[in-house]
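Colleague: You'll find start_27.cif just under this line, and it carries mmCIF, C-alpha atoms, pLDDT in the B column; chains and numbers go by the auth columns.
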data_my_file
loop_
_atom_site.group_PDB
_atom_site.id
_atom_site.type_symbol
_atom_site.label_atom_id
_atom_site.label_comp_id
_atom_site.label_asym_id
_atom_site.label_seq_id
_atom_site.Cartn_x
_atom_site.Cartn_y
_atom_site.Cartn_z
_atom_site.B_iso_or_equiv
_atom_site.auth_seq_id
_atom_site.auth_asym_id
ATOM 1 C CA MET A 1 -27.744 22.990 -37.617 75.00 12 A
ATOM 2 C CA MET A 2 -29.487 22.238 -34.320 73.00 13 A
ATOM 3 C CA ARG A 3 -28.200 18.657 -34.408 78.00 14 A
ATOM 4 C CA LYS A 4 -24.603 19.804 -34.799 76.00 15 A
ATOM 5 C CA MET A 5 -24.881 22.166 -31.853 73.00 16 A
ATOM 6 C CA LEU A 6 -26.440 19.438 -29.725 71.00 17 A
ATOM 7 C CA ALA A 7 -23.674 17.011 -30.696 72.00 18 A
ATOM 8 C CA ILE A 8 -21.017 19.600 -29.838 75.00 19 A
ATOM 9 C CA LEU A 9 -22.638 20.281 -26.471 71.00 20 A
ATOM 10 C CA LEU A 10 -22.718 16.569 -25.707 74.00 21 A
ATOM 11 C CA LEU A 11 -19.056 16.138 -26.677 71.00 22 A
ATOM 12 C CA LEU A 12 -17.724 19.123 -24.693 67.00 23 A
ATOM 13 C CA PRO A 13 -17.350 17.177 -21.414 70.00 24 A
ATOM 14 C CA LEU A 14 -15.344 14.513 -23.248 66.00 25 A
ATOM 15 C CA LEU A 15 -12.990 17.129 -24.679 62.00 26 A
ATOM 16 C CA ALA A 16 -12.420 18.635 -21.235 63.00 27 A
ATOM 17 C CA ALA A 17 -11.761 15.286 -19.604 58.00 28 A
ATOM 18 C CA ALA A 18 -8.204 14.515 -18.584 55.00 29 A
ATOM 19 C CA GLU A 19 -6.422 11.715 -16.817 52.00 30 A
ATOM 20 C CA ALA A 20 -6.971 11.834 -13.074 49.00 31 A
ATOM 21 C CA ARG A 21 -3.881 12.955 -11.258 51.00 32 A
ATOM 22 C CA PRO A 22 -2.914 11.333 -7.958 53.00 33 A
ATOM 23 C CA LEU A 23 -4.046 13.076 -4.784 52.00 34 A
ATOM 24 C CA ALA A 24 -0.446 13.377 -3.647 55.00 35 A
ATOM 25 C CA ASP A 25 2.260 14.323 -6.083 69.00 36 A
ATOM 26 C CA ASP A 26 4.898 12.597 -3.971 76.00 37 A
ATOM 27 C CA PRO A 27 5.136 8.826 -4.576 85.00 38 A
ATOM 28 C CA ALA A 28 6.772 8.343 -1.154 84.00 39 A
ATOM 29 C CA VAL A 29 3.712 9.862 0.558 86.00 40 A
ATOM 30 C CA GLU A 30 1.417 7.581 -1.446 89.00 41 A
ATOM 31 C CA ALA A 31 3.530 4.540 -0.519 89.00 42 A
ATOM 32 C CA ARG A 32 3.339 5.412 3.181 91.00 43 A
ATOM 33 C CA LEU A 33 -0.398 6.062 2.870 91.00 44 A
ATOM 34 C CA LYS A 34 -0.882 2.688 1.204 91.00 45 A
ATOM 35 C CA THR A 35 1.043 0.896 3.972 91.00 46 A
ATOM 36 C CA LEU A 36 -0.833 2.723 6.733 91.00 47 A
ATOM 37 C CA SER A 37 -4.246 2.313 5.118 90.00 48 A
ATOM 38 C CA GLN A 38 -3.744 -1.445 4.910 90.00 49 A
ATOM 39 C CA GLU A 39 -3.217 -1.545 8.682 91.00 50 A
ATOM 40 C CA LEU A 40 -6.176 0.685 9.558 91.00 51 A
ATOM 41 C CA ARG A 41 -9.870 -0.231 9.459 89.00 52 A
ATOM 42 C CA CYS A 42 -12.636 1.714 7.759 88.00 53 A
ATOM 43 C CA LEU A 43 -14.883 2.809 10.593 85.00 54 A
ATOM 44 C CA VAL A 44 -18.149 2.427 8.667 87.00 55 A
ATOM 45 C CA CYS A 45 -17.453 -0.666 6.545 82.00 56 A
ATOM 46 C CA GLN A 46 -17.818 -4.311 7.430 74.00 57 A
ATOM 47 C CA ASN A 47 -14.302 -5.654 7.908 81.00 58 A
ATOM 48 C CA GLN A 48 -12.527 -3.552 5.264 89.00 59 A
ATOM 49 C CA THR A 49 -9.251 -1.733 5.474 89.00 60 A
ATOM 50 C CA LEU A 50 -9.002 1.932 4.569 89.00 61 A
ATOM 51 C CA ALA A 51 -7.193 0.844 1.405 89.00 62 A
ATOM 52 C CA ASP A 52 -10.118 -1.371 0.332 89.00 63 A
ATOM 53 C CA SER A 53 -12.960 0.989 1.227 89.00 64 A
ATOM 54 C CA ASN A 54 -14.645 3.526 -1.036 89.00 65 A
ATOM 55 C CA ALA A 55 -16.773 5.013 1.740 90.00 66 A
ATOM 56 C CA PRO A 56 -16.670 8.811 2.092 91.00 67 A
ATOM 57 C CA LEU A 57 -15.333 8.498 5.659 90.00 68 A
ATOM 58 C CA ALA A 58 -12.478 6.294 4.424 90.00 69 A
ATOM 59 C CA GLU A 59 -11.611 8.922 1.799 92.00 70 A
ATOM 60 C CA ASP A 60 -11.614 11.590 4.526 92.00 71 A
ATOM 61 C CA LEU A 61 -9.334 9.469 6.727 91.00 72 A
ATOM 62 C CA ARG A 62 -6.912 8.879 3.835 92.00 73 A
ATOM 63 C CA ARG A 63 -6.861 12.620 3.168 92.00 74 A
ATOM 64 C CA GLU A 64 -6.196 13.258 6.862 92.00 75 A
ATOM 65 C CA ILE A 65 -3.369 10.712 6.860 93.00 76 A
ATOM 66 C CA ARG A 66 -1.811 12.480 3.836 92.00 77 A
ATOM 67 C CA GLU A 67 -1.936 15.752 5.772 92.00 78 A
ATOM 68 C CA LEU A 68 -0.326 14.144 8.835 93.00 79 A
ATOM 69 C CA ILE A 69 2.417 12.673 6.644 92.00 80 A
ATOM 70 C CA ALA A 70 2.974 16.125 5.115 90.00 81 A
ATOM 71 C CA LYS A 71 3.355 17.526 8.659 92.00 82 A
ATOM 72 C CA GLY A 72 6.264 15.131 9.168 92.00 83 A
ATOM 73 C CA MET A 73 4.625 12.665 11.567 92.00 84 A
ATOM 74 C CA THR A 74 5.952 9.100 11.673 93.00 85 A
ATOM 75 C CA ASP A 75 3.743 6.094 10.943 93.00 86 A
ATOM 76 C CA LYS A 76 3.631 5.246 14.655 94.00 87 A
ATOM 77 C CA GLU A 77 2.636 8.811 15.574 95.00 88 A
ATOM 78 C CA ILE A 78 -0.141 8.755 12.954 94.00 89 A
ATOM 79 C CA THR A 79 -1.433 5.382 14.168 93.00 90 A
ATOM 80 C CA ASP A 80 -1.276 6.528 17.805 94.00 91 A
ATOM 81 C CA TYR A 81 -3.145 9.723 16.894 94.00 92 A
ATOM 82 C CA LEU A 82 -5.916 7.770 15.143 92.00 93 A
ATOM 83 C CA VAL A 83 -6.146 5.229 17.987 92.00 94 A
ATOM 84 C CA GLU A 84 -6.432 8.082 20.495 93.00 95 A
ATOM 85 C CA ARG A 85 -9.167 9.641 18.396 92.00 96 A
ATOM 86 C CA TYR A 86 -11.163 6.531 17.384 88.00 97 A
ATOM 87 C CA GLY A 87 -10.018 3.788 19.775 87.00 98 A
ATOM 88 C CA ASP A 88 -8.377 0.438 19.040 84.00 99 A
ATOM 89 C CA PHE A 89 -11.199 -0.407 16.621 83.00 100 A
ATOM 90 C CA VAL A 90 -9.449 1.725 13.988 88.00 101 A
ATOM 91 C CA ARG A 91 -6.601 -0.812 13.876 88.00 102 A
ATOM 92 C CA TYR A 92 -7.265 -3.674 11.500 83.00 103 A
ATOM 93 C CA ARG A 93 -5.373 -5.963 13.890 84.00 104 A
ATOM 94 C CA PRO A 94 -5.995 -4.552 17.373 80.00 105 A
ATOM 95 C CA PRO A 95 -3.412 -5.377 20.058 82.00 106 A
ATOM 96 C CA LEU A 96 -4.141 -8.143 22.544 83.00 107 A
ATOM 97 C CA LYS A 97 -5.032 -6.451 25.827 84.00 108 A
ATOM 98 C CA SER A 98 -7.860 -6.591 28.336 84.00 109 A
ATOM 99 C CA GLN A 99 -10.094 -4.174 26.395 80.00 110 A
ATOM 100 C CA THR A 100 -9.717 -6.146 23.139 79.00 111 A
ATOM 101 C CA LEU A 101 -9.722 -9.665 24.566 84.00 112 A
ATOM 102 C CA LEU A 102 -13.264 -10.343 23.362 84.00 113 A
ATOM 103 C CA LEU A 103 -12.253 -9.387 19.807 78.00 114 A
ATOM 104 C CA TRP A 104 -9.558 -12.065 19.885 82.00 115 A
ATOM 105 C CA VAL A 105 -11.326 -14.812 21.869 89.00 116 A
ATOM 106 C CA GLY A 106 -14.936 -14.161 20.821 89.00 117 A
ATOM 107 C CA PRO A 107 -14.916 -16.022 17.473 89.00 118 A
ATOM 108 C CA THR A 108 -13.403 -19.132 19.080 93.00 119 A
ATOM 109 C CA LEU A 109 -15.969 -19.049 21.892 95.00 120 A
ATOM 110 C CA LEU A 110 -18.797 -18.757 19.358 95.00 121 A
ATOM 111 C CA LEU A 111 -17.409 -21.681 17.352 96.00 122 A
ATOM 112 C CA LEU A 112 -17.123 -23.856 20.471 97.00 123 A
ATOM 113 C CA ALA A 113 -20.660 -22.883 21.549 97.00 124 A
ATOM 114 C CA GLY A 114 -21.950 -23.845 18.090 97.00 125 A
ATOM 115 C CA ILE A 115 -20.197 -27.211 18.189 97.00 126 A
ATOM 116 C CA GLY A 116 -21.506 -27.836 21.722 97.00 127 A
ATOM 117 C CA GLY A 117 -25.056 -26.922 20.683 97.00 128 A
ATOM 118 C CA LEU A 118 -24.874 -29.215 17.652 96.00 129 A
ATOM 119 C CA TRP A 119 -23.533 -32.087 19.801 96.00 130 A
ATOM 120 C CA TRP A 120 -26.324 -31.558 22.361 96.00 131 A
ATOM 121 C CA ALA A 121 -29.053 -31.421 19.668 95.00 132 A
ATOM 122 C CA LEU A 122 -27.784 -34.573 17.938 94.00 133 A
ATOM 123 C CA ARG A 123 -27.552 -36.439 21.237 93.00 134 A
ATOM 124 C CA LYS A 124 -31.087 -35.405 22.173 92.00 135 A
ATOM 125 C CA ARG A 125 -32.377 -36.432 18.741 90.00 136 A
ATOM 126 C CA ASN A 126 -30.689 -39.825 18.958 89.00 137 A
ATOM 127 C CA ALA A 127 -32.250 -40.413 22.374 87.00 138 A
ATOM 128 C CA LEU A 128 -35.715 -39.850 20.906 85.00 139 A
ATOM 129 C CA LEU A 129 -35.227 -42.198 17.933 81.00 140 A
ATOM 130 C CA PRO A 130 -36.298 -45.818 18.435 78.00 141 A
ATOM 131 C CA ASP A 131 -33.522 -48.383 18.653 71.00 142 A
ATOM 132 C CA GLU A 132 -32.946 -50.179 15.334 69.00 143 A
ATOM 133 C CA ASN A 133 -32.603 -53.550 17.097 64.00 144 A
ATOM 134 C CA ASP A 134 -35.961 -53.072 18.796 59.00 145 A
ATOM 135 C CA ASN A 135 -38.644 -54.310 16.398 59.00 146 A
ATOM 136 C CA GLY A 136 -41.517 -53.767 18.796 55.00 147 A
ATOM 137 C CA GLU A 137 -41.820 -57.396 19.909 57.00 148 A
ATOM 138 C CA GLY A 138 -40.770 -58.847 23.221 53.00 149 A
ATOM 139 C CA GLU A 139 -37.451 -60.576 23.476 55.00 150 A
ATOM 140 C CA GLU A 140 -37.443 -64.277 22.900 56.00 151 A
ATOM 141 C CA ALA A 141 -35.550 -66.494 25.262 50.00 152 A
#
What's the structure tokens form of this structure?
Modeller:
Amino acid sequence: MMRKMLAILLLLPLLAAAEARPLADDPAVEARLKTLSQELRCLVCQNQTLADSNAPLAEDLRREIRELIAKGMTDKEITDYLVERYGDFVRYRPPLKSQTLLLWVGPTLLLLAGIGGLWWALRKRNALLPDENDNGEGEEA
């Protein structure tokens, strides 16, 4: 008798489970959210869009975007609102301007610095190696 009651208690959550319903009942809102969240960056993740992130802050931002869509704001107005609130970092592809120039040029500068450092180190190493033609004896005439 005790086993049956325990089994029933363990199965109750399974009986109450249902298919998860979408957060927005309107497919058009979800489509706009998907498009916007692919263009916006998760503020706490390493190089992930809002669409790709499962972080709690990303969920909050998606919920906020749904609310802004429900208020009738356009995609541009929503993006402008988020940029005003969080800065250009919230854009997955920030615009090229003086404040974001390092974001665009920085990786290339780092690559060139790495290549230059490698070239310098190899040149220095080659200067320290003995010449293969030099066998340690004086030259014969």
Colleague: Which residues match the PyMOL selection byres ((chain A and resi 78) around 12) in the file above, as a list of chain:residue names?
Modeller: A:Leu34, A:Ala35, A:Val40, A:Glu41, A:Arg43, A:Leu44, A:Asp71, A:Leu72, A:Arg73, A:Arg74, A:Glu75, A:Ile76, A:Arg77, A:Leu79, A:Ile80, A:Ala81, A:Lys82, A:Gly83, A:Met84, A:Thr85, A:Ile89
Colleague: Might you pull out every residue within 12 Å of segment 112-125 of chain A, with only C-alpha atoms counted and same-chain residues fewer than 5 positions away left off, and present them as a list in words?
Modeller: Asp99, Phe100, Arg102, Tyr103, Arg104, Pro105, Pro106, Leu107, Trp130, Trp131 and Ala132 of chain A
Colleague: Find the distance between atom CA of Glu95 of chain A and atom CA of Ser64 of chain A and write it in Å to one decimal.
Modeller: 21.5 Å
Colleague: Could you check which of A:Leu93, A:Leu133, A:Leu22, A:Ala138 is closest to Cys53 of chain A, using all atoms listed in the file?
Modeller: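 Distance minimum relative to Cys53 of chain A lands on A:Leu93.
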Colleague: Using atom CA of Thr111 of chain A and atom CA of Glu88 of chain A as the two end points, give the distance in Å to one decimal.
Modeller: 20.8 Å
Colleague: Do you have the atom CA of Leu54 of chain A-atom CA of Arg96 of chain A distance handy?
Modeller: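 Answer for the atom CA of Leu54 of chain A to atom CA of Arg96 of chain A separation: 11.8 Å.
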